[in-house]
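J.: So I've got this file, data_38.txt, and it contains compact mmCIF, C-alpha atoms and all ligand atoms:
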# COMPACT_ATOMS: atom_id res chain seq x y z
CA MET A 23 66.40 140.99 220.62
CA GLN A 24 64.35 140.27 217.50
CA ILE A 25 66.29 141.19 214.37
CA ILE A 26 64.11 141.51 211.29
CA ALA A 27 65.16 142.29 207.73
CA ILE A 28 62.49 143.88 205.56
CA ALA A 29 63.47 142.68 202.12
CA ASN A 30 62.38 142.25 198.54
CA GLN A 31 64.71 142.87 195.63
CA LYS A 32 61.76 144.31 193.74
CA GLY A 33 61.76 148.09 194.08
CA GLY A 34 58.89 150.22 195.34
CA VAL A 35 56.92 147.52 197.15
CA GLY A 36 56.85 149.36 200.49
CA LYS A 37 59.93 148.10 202.37
CA THR A 38 60.81 151.56 203.66
CA THR A 39 57.21 152.63 204.33
CA ILE A 40 56.67 149.50 206.41
CA THR A 41 60.00 149.71 208.25
CA PHE A 42 59.34 153.36 209.14
CA ASN A 43 55.76 152.83 210.32
CA LEU A 44 56.50 149.59 212.13
CA SER A 45 59.45 151.13 214.00
CA LYS A 46 57.23 153.94 215.27
CA GLU A 47 54.25 151.71 216.00
CA LEU A 48 56.38 149.31 218.07
CA ALA A 49 58.06 152.17 219.95
CA HIS A 50 54.66 153.71 220.71
CA ARG A 51 53.53 150.34 222.06
CA GLY A 52 56.38 150.44 224.56
CA TYR A 53 59.06 148.34 222.86
CA SER A 54 62.59 149.60 222.33
CA VAL A 55 63.43 149.74 218.63
CA LEU A 56 66.50 150.26 216.51
CA ALA A 57 65.81 151.07 212.85
CA ILE A 58 68.70 150.49 210.47
CA ASP A 59 68.78 151.97 206.98
CA ASN A 60 70.70 149.48 204.86
CA ASP A 61 69.99 151.17 201.55
CA PRO A 62 72.24 153.77 199.85
CA GLN A 63 69.08 155.59 198.74
CA GLY A 64 68.76 156.62 202.40
CA ASN A 65 64.96 156.81 202.23
CA LEU A 66 64.42 155.50 205.75
CA THR A 67 66.91 158.05 207.05
CA SER A 68 65.02 160.84 205.26
CA ALA A 69 61.74 159.62 206.72
CA PHE A 70 63.16 159.97 210.25
CA LEU A 71 65.32 163.04 209.75
CA PRO A 72 64.00 166.13 207.97
CA ASP A 73 67.61 167.13 207.35
CA PRO A 74 69.79 164.20 206.21
CA GLU A 75 72.82 166.27 207.28
CA ALA A 76 71.63 165.67 210.84
CA MET A 77 72.45 161.96 210.59
CA GLN A 78 74.69 161.00 213.52
CA ALA A 79 75.15 157.25 213.06
CA ASP A 80 75.99 155.78 209.67
CA VAL A 81 75.63 152.07 208.89
CA LEU A 82 78.62 152.44 206.58
CA SER A 83 80.81 152.39 209.71
CA PHE A 84 79.95 148.71 210.23
CA TYR A 85 80.94 147.85 206.67
CA ARG A 86 84.23 149.64 207.33
CA ASN A 87 84.77 147.55 210.45
CA GLU A 88 84.27 150.51 212.75
CA TYR A 89 82.15 149.36 215.62
CA ASP A 90 82.20 152.36 217.92
CA ILE A 91 79.06 154.07 216.65
CA ARG A 92 76.19 155.08 218.86
CA PRO A 93 72.69 154.86 217.36
CA GLN A 94 70.96 158.23 217.08
CA ALA A 95 67.96 158.86 219.34
CA ILE A 96 64.90 159.81 217.29
CA GLU A 97 62.30 159.71 220.02
CA GLU A 98 61.68 157.80 223.21
CA ARG A 99 62.52 154.10 222.69
CA LEU A 100 63.43 154.64 219.02
CA ASP A 101 66.96 154.91 217.65
CA LEU A 102 68.30 155.09 214.11
CA ILE A 103 71.41 154.01 212.29
CA GLY A 104 71.11 155.80 208.98
CA ALA A 105 72.59 155.55 205.51
CA SER A 106 73.64 157.80 202.68
CA ILE A 107 74.69 157.30 199.09
CA GLN A 108 78.21 156.60 200.40
CA LEU A 109 76.93 153.14 201.30
CA ALA A 110 77.01 152.38 197.57
CA THR A 111 80.80 152.39 197.81
CA VAL A 112 80.75 148.99 199.53
CA PRO A 113 81.65 146.69 196.65
CA ASP A 114 79.72 143.47 196.03
CA SER A 115 83.11 141.78 195.78
CA ASP A 116 83.93 142.55 199.43
CA VAL A 117 82.77 139.11 200.58
CA LEU A 118 84.16 139.53 204.08
CA ALA A 119 81.75 142.43 204.60
CA VAL A 120 78.82 140.03 204.56
CA SER A 121 79.02 139.54 208.32
CA SER A 122 79.70 143.23 209.09
CA LEU A 123 76.14 144.14 209.91
CA GLN A 124 75.75 141.12 212.19
CA GLU A 125 78.96 142.01 214.03
CA GLY A 126 77.92 145.65 214.18
CA ILE A 127 74.57 144.85 215.79
CA ARG A 128 76.24 142.46 218.24
CA SER A 129 78.74 145.15 219.20
CA LEU A 130 76.06 147.65 220.24
CA GLU A 131 76.14 148.46 223.91
CA ARG A 132 72.42 149.01 224.11
CA LYS A 133 70.12 146.06 223.44
CA TYR A 134 66.73 146.53 221.84
CA ASP A 135 63.49 144.57 221.71
CA PHE A 136 63.46 144.98 217.93
CA VAL A 137 66.03 145.75 215.28
CA LEU A 138 64.40 146.46 211.92
CA ILE A 139 66.65 146.53 208.85
CA ASP A 140 65.35 148.25 205.73
CA CYS A 141 66.93 146.60 202.68
CA LEU A 142 67.69 147.97 199.25
CA PRO A 143 66.08 146.58 196.09
CA SER A 144 68.88 144.18 195.20
CA LEU A 145 70.18 140.78 196.19
CA GLY A 146 73.77 141.97 196.36
CA LEU A 147 76.17 142.07 199.27
CA LEU A 148 74.25 144.60 201.41
CA SER A 149 71.11 142.46 201.30
CA LEU A 150 73.10 139.32 202.03
CA ALA A 151 74.57 141.12 205.04
CA ALA A 152 71.07 141.98 206.29
CA LEU A 153 69.88 138.38 205.85
CA THR A 154 72.99 137.18 207.66
CA ALA A 155 72.32 139.51 210.60
CA ALA A 156 68.59 138.81 210.87
CA GLN A 157 66.55 136.06 212.50
CA HIS A 158 63.48 136.81 210.41
CA VAL A 159 62.66 138.24 207.00
CA LEU A 160 59.51 140.22 206.40
CA ILE A 161 58.67 140.42 202.71
CA PRO A 162 56.46 143.26 201.48
CA MET A 163 54.85 142.28 198.19
CA LYS A 164 52.74 144.28 195.80
CA PRO A 165 50.05 142.24 194.08
CA ALA A 166 51.25 142.85 190.54
CA PRO A 167 52.00 140.68 187.53
CA PHE A 168 55.35 138.86 187.97
CA ALA A 169 55.36 139.40 191.78
CA ILE A 170 55.65 135.64 192.35
CA LYS A 171 58.19 135.13 189.62
CA GLY A 172 60.35 137.90 191.10
CA SER A 173 60.11 136.57 194.62
CA LYS A 174 61.52 133.16 193.60
CA ASP A 175 65.00 134.67 193.47
CA LEU A 176 64.48 136.11 196.94
CA PHE A 177 63.42 132.75 198.39
CA THR A 178 66.39 131.05 196.70
CA THR A 179 68.69 133.65 198.24
CA ILE A 180 67.13 133.17 201.67
CA GLU A 181 67.71 129.40 201.38
CA ARG A 182 71.31 130.01 200.36
CA VAL A 183 71.95 132.33 203.29
CA LYS A 184 70.35 129.76 205.61
CA ARG A 185 72.62 126.99 204.35
CA LYS A 186 75.84 128.94 204.32
CA MET A 187 75.65 131.78 206.80
CA ASN A 188 72.62 131.86 209.05
CA PRO A 189 70.79 128.57 209.71
CA LYS A 190 68.37 130.31 212.09
CA LEU A 191 66.93 132.63 209.45
CA SER A 192 63.19 132.24 208.92
CA VAL A 193 60.57 133.91 206.78
CA LEU A 194 58.20 135.72 209.13
CA GLY A 195 55.79 136.28 206.29
CA ILE A 196 54.76 138.13 203.20
CA VAL A 197 52.73 141.29 203.67
CA LEU A 198 50.62 142.43 200.76
CA ASN A 199 51.03 146.17 200.31
CA LEU A 200 49.72 148.74 197.86
CA VAL A 201 46.57 146.67 197.46
CA GLU A 202 44.09 148.54 195.27
CA GLY A 203 41.21 149.91 197.36
CA ARG A 204 38.50 149.30 194.82
CA THR A 205 37.99 145.71 193.85
CA THR A 206 39.20 144.83 190.42
CA THR A 207 39.10 141.38 188.90
CA MET A 208 42.80 141.69 188.15
CA GLY A 209 43.69 142.82 191.69
CA ASP A 210 41.61 140.07 193.33
CA GLN A 211 43.10 137.44 191.08
CA LEU A 212 46.64 138.57 191.78
CA GLU A 213 45.99 138.44 195.53
CA SER A 214 44.44 134.95 195.36
CA VAL A 215 47.31 133.66 193.26
CA ILE A 216 49.82 134.91 195.84
CA ARG A 217 47.79 133.46 198.73
CA GLU A 218 47.49 130.12 196.92
CA GLN A 219 51.18 130.01 196.17
CA TYR A 220 52.43 131.00 199.62
CA GLY A 221 49.59 129.86 201.88
CA GLU A 222 50.03 130.68 205.55
CA GLN A 223 53.19 132.60 204.83
CA VAL A 224 51.00 135.49 203.68
CA PHE A 225 49.83 137.81 206.46
CA GLU A 226 46.05 137.84 206.80
CA ASN A 227 46.19 141.60 207.24
CA LYS A 228 47.08 143.54 204.13
CA LEU A 229 47.85 147.21 203.52
CA ALA A 230 45.81 149.09 200.99
CA LYS A 231 47.15 151.71 198.67
CA GLY A 232 46.34 155.00 200.35
CA THR A 233 47.34 158.60 199.98
CA LYS A 234 47.95 159.09 203.69
CA LEU A 235 50.46 156.27 203.94
CA GLU A 236 52.24 157.81 201.00
CA GLU A 237 52.21 161.37 202.37
CA SER A 238 52.99 160.82 206.03
CA PRO A 239 56.74 160.04 205.80
CA ALA A 240 57.29 163.37 204.05
CA PHE A 241 56.19 164.98 207.34
CA ASN A 242 58.36 162.52 209.33
CA LEU A 243 55.16 161.06 210.74
CA SER A 244 53.87 157.53 210.89
CA ILE A 245 50.38 156.90 209.57
CA SER A 246 48.95 156.82 213.09
CA GLU A 247 50.66 160.10 214.01
CA TYR A 248 49.47 161.64 210.74
CA ASP A 249 45.86 160.50 210.91
CA GLN A 250 44.98 158.19 213.77
CA ARG A 251 41.46 157.69 212.46
CA SER A 252 42.38 156.80 208.90
CA LYS A 253 41.77 153.38 207.44
CA GLY A 254 45.49 153.16 206.80
CA ALA A 255 46.24 153.63 210.52
CA SER A 256 43.81 150.92 211.60
CA GLN A 257 45.10 148.53 208.94
CA PHE A 258 48.65 149.18 210.08
CA ALA A 259 47.72 148.54 213.71
CA ASP A 260 46.10 145.22 212.72
CA PHE A 261 49.17 144.29 210.72
CA THR A 262 51.35 145.10 213.76
CA ASP A 263 49.17 142.86 215.96
CA GLU A 264 49.69 139.99 213.51
CA PHE A 265 53.41 140.77 213.30
CA LEU A 266 53.72 140.39 217.09
CA LYS A 267 51.54 137.29 217.09
CA ARG A 268 53.71 135.64 214.48
CA LEU A 269 56.75 136.37 216.66
CA LYS A 270 54.81 134.90 219.61
CA ILE A 271 55.03 138.18 221.50
N1 LIG A 301 50.27 151.37 201.07
C1 LIG A 301 50.72 152.40 200.36
N2 LIG A 301 49.86 153.32 199.86
C2 LIG A 301 50.29 154.36 199.12
N3 LIG A 301 51.56 154.57 198.80
C3 LIG A 301 52.47 153.69 199.25
C4 LIG A 301 52.11 152.57 200.06
N4 LIG A 301 53.23 151.87 200.36
C5 LIG A 301 54.23 152.53 199.77
N5 LIG A 301 53.79 153.61 199.10
C6 LIG A 301 54.56 154.56 198.28
O1 LIG A 301 55.16 153.82 197.23
C7 LIG A 301 56.49 154.25 196.99
C8 LIG A 301 57.44 153.10 197.26
O2 LIG A 301 57.37 152.78 198.64
P1 LIG A 301 58.71 152.47 199.46
O3 LIG A 301 59.72 153.54 199.21
O4 LIG A 301 58.30 152.21 200.85
O5 LIG A 301 59.13 151.14 198.74
P2 LIG A 301 60.54 150.38 198.83
O6 LIG A 301 60.24 148.95 198.60
O7 LIG A 301 61.25 150.77 200.05
O8 LIG A 301 61.28 151.01 197.57
P3 LIG A 301 62.85 150.77 197.21
O9 LIG A 301 62.90 149.41 196.65
O10 LIG A 301 63.17 151.85 196.21
O11 LIG A 301 63.63 150.92 198.47
C9 LIG A 301 56.71 155.45 197.90
O12 LIG A 301 56.41 156.62 197.19
C10 LIG A 301 55.69 155.22 199.03
O13 LIG A 301 55.27 156.44 199.61
MG MG A 302 63.14 151.56 200.30
Would you write out, as structure tokens, the structure that this file holds?

T.:
Amino acid sequence: MQIIAIANQKGGVGKTTITFNLSKELAHRGYSVLAIDNDPQGNLTSAFLPDPEAMQADVLSFYRNEYDIRPQAIEERLDLIGASIQLATVPDSDVLAVSSLQEGIRSLERKYDFVLIDCLPSLGLLSLAALTAAQHVLIPMKPAPFAIKGSKDLFTTIERVKRKMNPKLSVLGIVLNLVEGRTTTMGDQLESVIREQYGEQVFENKLAKGTKLEESPAFNLSISEYDQRSKGASQFADFTDEFLKRLKI
């Protein structure tokens, strides 16, 4: 089981969009996938379920030490453990809860090829819990001023979690998302600066800013379900290939 946290404490960089599309893409390629919404905003849950009231498995149970939940089937090979605003009631001071998600995933009867955890834009307890549960972190990054500066705190946190909680944690890579389609000097420079700073950690394949990737979750569809022939769909497929290659799958 490959457990991957999709994290960046910067908001709006594409964590949820990538978790949603990657979950579907992997399931369509024949892998069994569990998607976990670990964000009180519940955006991943809304992307999978048109009606959030229909949520049957809540990640909050884990944080309450209730381990008898059954992930909700979304489609063949794809299950969801969702979240709602109630998740915000887990206090950052509840230090013992940091291993709840790890214990919760371990307690699941069914094993999956991939568990993808969508993180919230914060480095508080819920994100620490995700980094404690995961083997890998995937970091979506938007080429924007201060992107590198902001990610320093994330890398420091990852190092801290590695030292104290989860020595096996590794950074799978940084994926550039929301890359401007038309070339701009500013955009190109920002991308080169990130590639220079992080070298091989940056995925070769990037994801451009595109209307279809933005629209598709509103219809509960991945980019390839929404428009198989779009540039966004082919970029996402290439990114998925590189994702699997980096995991040596
Ligand atoms: N490649 C893209 N092209 C166009 N729109 C995108 C792309 N990636 C993400 N978006 C849009 O940008 C917004 C932020 O994306 P998303 O919600 O995935 O980010 P996030 O990192 O999960 O945000 P948060 O930190 O609030 O959880 C959304 O409206 C989403 O539809
Ligand atoms: Mg999100």

J.: How far is it from CA of Ala151 (chain A) to CA of Leu123 (chain A), in Å with one decimal?

T.: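 Here the two named atoms are 5.9 Å from each other.
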
J.: Have a look at A:Val183, A:Ile58, A:Val81, A:Ala169 and name the one nearest to Thr41 (chain A); count all atoms listed in the file.

T.: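 Comparing A:Val183, A:Ile58, A:Val81, A:Ala169 against Thr41 (chain A), the winner is A:Ile58.
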
J.: Taking only C-alpha atoms and all ligand atoms into account, which residues are within 12 Å of ligand MG 302 (chain A), as a CSV table (one decimal) with C-alpha atoms, keeping the file's coordinate frame?

T.:
chain,number,residue,atom,x,y,z
A,28,ILE,CA,62.5,143.9,205.6
A,29,ALA,CA,63.5,142.7,202.1
A,30,ASN,CA,62.4,142.2,198.5
A,31,GLN,CA,64.7,142.9,195.6
A,32,LYS,CA,61.8,144.3,193.7
A,33,GLY,CA,61.8,148.1,194.1
A,34,GLY,CA,58.9,150.2,195.3
A,35,VAL,CA,56.9,147.5,197.2
A,36,GLY,CA,56.8,149.4,200.5
A,37,LYS,CA,59.9,148.1,202.4
A,38,THR,CA,60.8,151.6,203.7
A,39,THR,CA,57.2,152.6,204.3
A,40,ILE,CA,56.7,149.5,206.4
A,41,THR,CA,60.0,149.7,208.2
A,42,PHE,CA,59.3,153.4,209.1
A,58,ILE,CA,68.7,150.5,210.5
A,59,ASP,CA,68.8,152.0,207.0
A,60,ASN,CA,70.7,149.5,204.9
A,61,ASP,CA,70.0,151.2,201.6
A,62,PRO,CA,72.2,153.8,199.8
A,63,GLN,CA,69.1,155.6,198.7
A,64,GLY,CA,68.8,156.6,202.4
A,65,ASN,CA,65.0,156.8,202.2
A,66,LEU,CA,64.4,155.5,205.8
A,67,THR,CA,66.9,158.0,207.0
A,68,SER,CA,65.0,160.8,205.3
A,69,ALA,CA,61.7,159.6,206.7
A,105,ALA,CA,72.6,155.6,205.5
A,139,ILE,CA,66.6,146.5,208.8
A,140,ASP,CA,65.4,148.2,205.7
A,141,CYS,CA,66.9,146.6,202.7
A,142,LEU,CA,67.7,148.0,199.2
A,143,PRO,CA,66.1,146.6,196.1
A,144,SER,CA,68.9,144.2,195.2
A,162,PRO,CA,56.5,143.3,201.5
A,239,PRO,CA,56.7,160.0,205.8

J.: Compile the contact shell of Glu181 (chain A) as a PDB file with C-alpha atoms, keeping the file's coordinate frame: residues with an atom at most 12 Å away, counting only C-alpha atoms, same-chain residues fewer than 5 positions apart removed.

T.:
ATOM      1  CA  LEU A 150      73.100 139.320 202.030  1.00  0.00           C
ATOM      2  CA  LEU A 153      69.880 138.380 205.850  1.00  0.00           C
ATOM      3  CA  THR A 154      72.990 137.180 207.660  1.00  0.00           C
ATOM      4  CA  VAL A 159      62.660 138.240 207.000  1.00  0.00           C
ATOM      5  CA  LYS A 174      61.520 133.160 193.600  1.00  0.00           C
ATOM      6  CA  ASP A 175      65.000 134.670 193.470  1.00  0.00           C
ATOM      7  CA  LEU A 176      64.480 136.110 196.940  1.00  0.00           C
ATOM      8  CA  LYS A 186      75.840 128.940 204.320  1.00  0.00           C
ATOM      9  CA  MET A 187      75.650 131.780 206.800  1.00  0.00           C
ATOM     10  CA  ASN A 188      72.620 131.860 209.050  1.00  0.00           C
ATOM     11  CA  PRO A 189      70.790 128.570 209.710  1.00  0.00           C
ATOM     12  CA  LYS A 190      68.370 130.310 212.090  1.00  0.00           C
ATOM     13  CA  LEU A 191      66.930 132.630 209.450  1.00  0.00           C
ATOM     14  CA  SER A 192      63.190 132.240 208.920  1.00  0.00           C
ATOM     15  CA  VAL A 193      60.570 133.910 206.780  1.00  0.00           C
TER      16      VAL A 193
END

J.: At what distance in Å, to one decimal, does atom C7 of ligand LIG 301 (chain A) lie from CA of Leu109 (chain A)?

T.: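 If I compute the distance from CA of Leu109 (chain A) to atom C7 of ligand LIG 301 (chain A), I get 20.9 Å.
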
J.: From the set A:Met208, A:Leu56, A:Val215, A:Leu44, which residue has the shortest atom-to-atom contact distance to ligand LIG 301 (chain A), counting only C-alpha atoms and all ligand atoms?

T.: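 For ligand LIG 301 (chain A), the nearest of the given residues is A:Leu44.
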
J.: Skip region 228-230 of chain A itself and residues of its chain fewer than 6 positions away, then list as a list in words all residues within 10 Å of it, counting all atoms listed in the file.

T.: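 Residues near the query, excluding close chain neighbours: Gly36, Ile40, Pro162, Met163, Lys164, Ile196, Val197, Leu198, Asn199, Leu200, Val201, Glu202, Gly203, Arg204, Lys253, Gly254, Ala255, Ser256, Gln257, Phe258, Asp260 and Phe261 of chain A.
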
J.: Which residue out of A:Ile96, A:Leu243, A:Leu266, A:Leu235 has the minimum interatomic distance to ligand LIG 301 (chain A) when only C-alpha atoms and all ligand atoms are used?

T.: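 Of A:Ile96, A:Leu243, A:Leu266, A:Leu235, the one nearest ligand LIG 301 (chain A) is A:Leu235, counting only C-alpha atoms and all ligand atoms.
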
J.: Please, what distance in Å, to one decimal, runs between atom O7 of ligand LIG 301 (chain A) and CA of Arg132 (chain A)?

T.: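 Distance reported for this atom pair: 26.6 Å.
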